[in-house]
Amino acid sequence: MLSQTGEHGGNTNKKVSVTKLYRNILANEGVIGLWAGNGANLLRIFPAKGVVFASNDYYRILLRKQFMNGNIDDPMPTYLSFISGGLSGITASACTYPLDLVRGRISGKIAAPNANIKYQGVWNTTALTIQHEGFFALYKGVTPTLIGAIPYEGIKFGTVGLCERLFPPSEDEKNNQIMRKLVFGGLGGVMAGVVLYLKDNVCRL
């Protein structure tokens, strides 16, 4: 991300090597700068992924009742997996966006409204944001994030649903589907990352 934005690269028109980028971070922020914003990131990941999978199961049940007469034996059509994934992505993003914004401010990717404000830690950043900008500032810029969550989680869960339809489990796999879920989940993440990388790349510029 820093290589793409050029925030630690001095001259943004000049390509910065990974080695020089690390040296700049260490010189400007010290070793701890390599993990800037990671505390907020870890706090965000746990509830975000939990909400994604829990809400996806919930939406899958609703969609099965609505479009499949409650049938739980047959694999869901790909488009329904896409819809449930997109809805779960919106739900998770709405619940955890404040932590995403806090992470961005701690790591220096999102500027403060006042140049004199120095963010230090998750709770300090949250308190300062509410104090100077109000509670709803924690959701500043949430719309693009919500919109972006639809295709990412949709493609991810849609790919998993497609793989489940194309490769139904054998009798041996029905009792142990850990490897199937691991492979299908990995393929879903790769597919979503490949399709949406260009959008993410442009957003970082």
# chains A, B, ... in the order shown; residues from 1 in each chain; ligands from 1

call {"tool": "residues_around", "arguments": {"residues": "A:Gly148", "least_positions_apart": "4", "cutoff": "10 Å", "atoms": "only C-alpha atoms", "output": "PyMOL selection string"}}
result
chain A and resi 86+89-90+93+142-144+152-154+196+199-200

call {"tool": "write_last_selection", "arguments": {"atoms": "N, CA, C and O atoms", "output": "mmCIF file, in the first residue's frame"}}
result
data_model
loop_
_atom_site.group_PDB
_atom_site.id
_atom_site.type_symbol
_atom_site.label_atom_id
_atom_site.label_comp_id
_atom_site.auth_asym_id
_atom_site.auth_seq_id
_atom_site.Cartn_x
_atom_site.Cartn_y
_atom_site.Cartn_z
ATOM 1 N N GLY A 86 -22.861 -11.054 -0.780
ATOM 2 C CA GLY A 86 -22.892 -9.594 -0.846
ATOM 3 C C GLY A 86 -23.577 -8.968 0.348
ATOM 4 O O GLY A 86 -23.100 -7.973 0.918
ATOM 5 N N GLY A 89 -21.377 -9.227 3.344
ATOM 6 C CA GLY A 89 -20.296 -8.253 3.253
ATOM 7 C C GLY A 89 -20.745 -6.871 3.696
ATOM 8 O O GLY A 89 -20.020 -6.169 4.424
ATOM 9 N N ILE A 90 -21.938 -6.464 3.272
ATOM 10 C CA ILE A 90 -22.489 -5.177 3.696
ATOM 11 C C ILE A 90 -22.683 -5.153 5.211
ATOM 12 O O ILE A 90 -22.343 -4.176 5.887
ATOM 13 N N SER A 93 -19.278 -4.946 7.005
ATOM 14 C CA SER A 93 -18.651 -3.636 6.805
ATOM 15 C C SER A 93 -19.333 -2.563 7.627
ATOM 16 O O SER A 93 -18.674 -1.700 8.213
ATOM 17 N N VAL A 142 -18.151 5.757 4.415
ATOM 18 C CA VAL A 142 -18.572 4.363 4.522
ATOM 19 C C VAL A 142 -19.234 3.846 3.240
ATOM 20 O O VAL A 142 -19.172 2.649 2.946
ATOM 21 N N THR A 143 -19.850 4.744 2.471
ATOM 22 C CA THR A 143 -20.613 4.302 1.288
ATOM 23 C C THR A 143 -19.763 3.509 0.292
ATOM 24 O O THR A 143 -20.168 2.410 -0.133
ATOM 25 N N PRO A 144 -18.581 4.008 -0.135
ATOM 26 C CA PRO A 144 -17.772 3.202 -1.070
ATOM 27 C C PRO A 144 -17.383 1.848 -0.493
ATOM 28 O O PRO A 144 -17.292 0.860 -1.223
ATOM 29 N N TYR A 152 -17.015 -8.106 -3.555
ATOM 30 C CA TYR A 152 -15.933 -8.924 -2.995
ATOM 31 C C TYR A 152 -16.482 -10.173 -2.310
ATOM 32 O O TYR A 152 -16.108 -11.299 -2.662
ATOM 33 N N GLU A 153 -17.359 -9.971 -1.333
ATOM 34 C CA GLU A 153 -17.917 -11.129 -0.632
ATOM 35 C C GLU A 153 -18.846 -11.919 -1.542
ATOM 36 O O GLU A 153 -18.961 -13.137 -1.421
ATOM 37 N N GLY A 154 -19.516 -11.224 -2.466
ATOM 38 C CA GLY A 154 -20.397 -11.916 -3.407
ATOM 39 C C GLY A 154 -19.623 -12.872 -4.295
ATOM 40 O O GLY A 154 -20.012 -14.035 -4.477
ATOM 41 N N LEU A 196 -11.156 -7.938 -8.354
ATOM 42 C CA LEU A 196 -11.317 -6.606 -7.770
ATOM 43 C C LEU A 196 -10.006 -5.900 -7.470
ATOM 44 O O LEU A 196 -10.016 -4.790 -6.940
ATOM 45 N N LYS A 199 -9.671 -2.346 -8.955
ATOM 46 C CA LYS A 199 -10.433 -1.320 -8.218
ATOM 47 C C LYS A 199 -9.687 -0.905 -6.950
ATOM 48 O O LYS A 199 -9.559 0.281 -6.658
ATOM 49 N N ASP A 200 -9.171 -1.882 -6.216
ATOM 50 C CA ASP A 200 -8.430 -1.572 -4.998
ATOM 51 C C ASP A 200 -7.162 -0.771 -5.310
ATOM 52 O O ASP A 200 -6.799 0.137 -4.569
#

call {"tool": "residues_around", "arguments": {"residues": "stretch 81-85 of chain A", "least_positions_apart": "3", "cutoff": "10 Å", "atoms": "only C-alpha atoms", "output": "number ranges by chain"}}
result
A: 52-53, 55-63, 75-78, 88-91, 149-162

call {"tool": "write_last_selection", "arguments": {"atoms": "N, CA, C and O atoms", "output": "short mmCIF file (atom, residue, chain, number, x, y, z; two decimals), in the first residue's frame"}}
result
data_model
loop_
_atom_site.label_atom_id
_atom_site.label_comp_id
_atom_site.auth_asym_id
_atom_site.auth_seq_id
_atom_site.Cartn_x
_atom_site.Cartn_y
_atom_site.Cartn_z
N VAL A 52 -19.29 -11.79 9.00
CA VAL A 52 -19.44 -12.24 7.61
C VAL A 52 -19.99 -13.66 7.54
O VAL A 52 -20.98 -13.93 6.84
N PHE A 53 -19.38 -14.57 8.27
CA PHE A 53 -19.79 -15.98 8.17
C PHE A 53 -21.12 -16.24 8.88
O PHE A 53 -21.95 -17.02 8.39
N SER A 55 -23.58 -14.00 9.37
CA SER A 55 -24.67 -13.39 8.59
C SER A 55 -24.86 -14.11 7.27
O SER A 55 -25.99 -14.20 6.76
N ASN A 56 -23.79 -14.66 6.70
CA ASN A 56 -23.94 -15.41 5.45
C ASN A 56 -24.81 -16.64 5.67
O ASN A 56 -25.68 -16.95 4.84
N ASP A 57 -24.59 -17.34 6.78
CA ASP A 57 -25.44 -18.49 7.10
C ASP A 57 -26.90 -18.05 7.27
O ASP A 57 -27.83 -18.74 6.82
N TYR A 58 -27.08 -16.91 7.92
CA TYR A 58 -28.44 -16.39 8.14
C TYR A 58 -29.12 -16.05 6.81
O TYR A 58 -30.28 -16.44 6.58
N TYR A 59 -28.39 -15.35 5.94
CA TYR A 59 -28.99 -14.98 4.65
C TYR A 59 -29.21 -16.19 3.75
O TYR A 59 -30.17 -16.22 2.97
N ARG A 60 -28.35 -17.18 3.86
CA ARG A 60 -28.55 -18.40 3.07
C ARG A 60 -29.85 -19.10 3.47
O ARG A 60 -30.58 -19.60 2.61
N ILE A 61 -30.13 -19.13 4.77
CA ILE A 61 -31.38 -19.74 5.24
C ILE A 61 -32.58 -18.97 4.71
O ILE A 61 -33.57 -19.56 4.22
N LEU A 62 -32.51 -17.63 4.77
CA LEU A 62 -33.61 -16.81 4.26
C LEU A 62 -33.82 -17.02 2.77
O LEU A 62 -34.97 -17.14 2.30
N LEU A 63 -32.73 -17.06 2.02
CA LEU A 63 -32.84 -17.22 0.57
C LEU A 63 -33.33 -18.62 0.20
O LEU A 63 -34.08 -18.78 -0.78
N PRO A 75 -27.35 -28.03 -3.32
CA PRO A 75 -26.49 -26.84 -3.29
C PRO A 75 -27.26 -25.61 -3.79
O PRO A 75 -28.12 -25.72 -4.67
N MET A 76 -26.94 -24.46 -3.26
CA MET A 76 -27.60 -23.23 -3.69
C MET A 76 -27.11 -22.83 -5.07
O MET A 76 -25.95 -23.05 -5.42
N PRO A 77 -28.01 -22.26 -5.89
CA PRO A 77 -27.55 -21.70 -7.16
C PRO A 77 -26.49 -20.63 -6.93
O PRO A 77 -26.48 -19.96 -5.89
N THR A 78 -25.61 -20.47 -7.90
CA THR A 78 -24.49 -19.54 -7.74
C THR A 78 -24.97 -18.12 -7.47
O THR A 78 -24.38 -17.40 -6.65
N SER A 88 -23.90 -10.32 3.33
CA SER A 88 -23.07 -10.52 4.52
C SER A 88 -21.90 -9.55 4.53
O SER A 88 -21.48 -9.08 5.59
N GLY A 89 -21.38 -9.23 3.34
CA GLY A 89 -20.30 -8.25 3.25
C GLY A 89 -20.75 -6.87 3.70
O GLY A 89 -20.02 -6.17 4.42
N ILE A 90 -21.94 -6.46 3.27
CA ILE A 90 -22.49 -5.18 3.70
C ILE A 90 -22.68 -5.15 5.21
O ILE A 90 -22.34 -4.18 5.89
N THR A 91 -23.23 -6.23 5.74
CA THR A 91 -23.49 -6.30 7.18
C THR A 91 -22.20 -6.18 7.99
O THR A 91 -22.12 -5.41 8.95
N ALA A 149 -18.00 -3.95 -0.70
CA ALA A 149 -18.15 -5.23 -0.01
C ALA A 149 -19.08 -6.17 -0.77
O ALA A 149 -18.97 -7.39 -0.63
N ILE A 150 -20.00 -5.61 -1.55
CA ILE A 150 -20.95 -6.44 -2.28
C ILE A 150 -20.25 -7.36 -3.28
O ILE A 150 -20.41 -8.59 -3.24
N PRO A 151 -19.45 -6.80 -4.21
CA PRO A 151 -18.81 -7.71 -5.17
C PRO A 151 -17.75 -8.61 -4.55
O PRO A 151 -17.61 -9.76 -4.96
N TYR A 152 -17.01 -8.11 -3.56
CA TYR A 152 -15.93 -8.92 -3.00
C TYR A 152 -16.48 -10.17 -2.31
O TYR A 152 -16.11 -11.30 -2.66
N GLU A 153 -17.36 -9.97 -1.33
CA GLU A 153 -17.92 -11.13 -0.63
C GLU A 153 -18.85 -11.92 -1.54
O GLU A 153 -18.96 -13.14 -1.42
N GLY A 154 -19.52 -11.22 -2.47
CA GLY A 154 -20.40 -11.92 -3.41
C GLY A 154 -19.62 -12.87 -4.30
O GLY A 154 -20.01 -14.03 -4.48
N ILE A 155 -18.51 -12.37 -4.86
CA ILE A 155 -17.69 -13.22 -5.72
C ILE A 155 -17.07 -14.36 -4.91
O ILE A 155 -17.01 -15.51 -5.37
N LYS A 156 -16.63 -14.05 -3.71
CA LYS A 156 -16.00 -15.07 -2.87
C LYS A 156 -16.96 -16.21 -2.55
O LYS A 156 -16.67 -17.38 -2.83
N PHE A 157 -18.13 -15.87 -2.00
CA PHE A 157 -19.09 -16.92 -1.66
C PHE A 157 -19.76 -17.50 -2.90
O PHE A 157 -20.15 -18.67 -2.90
N GLY A 158 -19.89 -16.69 -3.94
CA GLY A 158 -20.43 -17.21 -5.19
C GLY A 158 -19.53 -18.26 -5.80
O GLY A 158 -20.00 -19.28 -6.33
N THR A 159 -18.21 -18.04 -5.73
CA THR A 159 -17.25 -19.02 -6.24
C THR A 159 -17.30 -20.31 -5.43
O THR A 159 -17.25 -21.40 -5.98
N VAL A 160 -17.41 -20.16 -4.11
CA VAL A 160 -17.54 -21.34 -3.26
C VAL A 160 -18.80 -22.13 -3.62
O VAL A 160 -18.78 -23.36 -3.74
N GLY A 161 -19.92 -21.41 -3.80
CA GLY A 161 -21.16 -22.07 -4.18
C GLY A 161 -21.06 -22.77 -5.52
O GLY A 161 -21.57 -23.88 -5.70
N LEU A 162 -20.37 -22.13 -6.48
CA LEU A 162 -20.18 -22.74 -7.80
C LEU A 162 -19.34 -24.01 -7.69
O LEU A 162 -19.65 -25.03 -8.32
#

call {"tool": "atom_distance", "arguments": {"atom1": "atom CA of A:Gly185", "atom2": "atom CA of A:Phe67"}}
result
24.1 Å

call {"tool": "atom_distance", "arguments": {"atom1": "atom CA of A:Tyr139", "atom2": "atom CA of A:Pro98"}}
result
6.0 Å
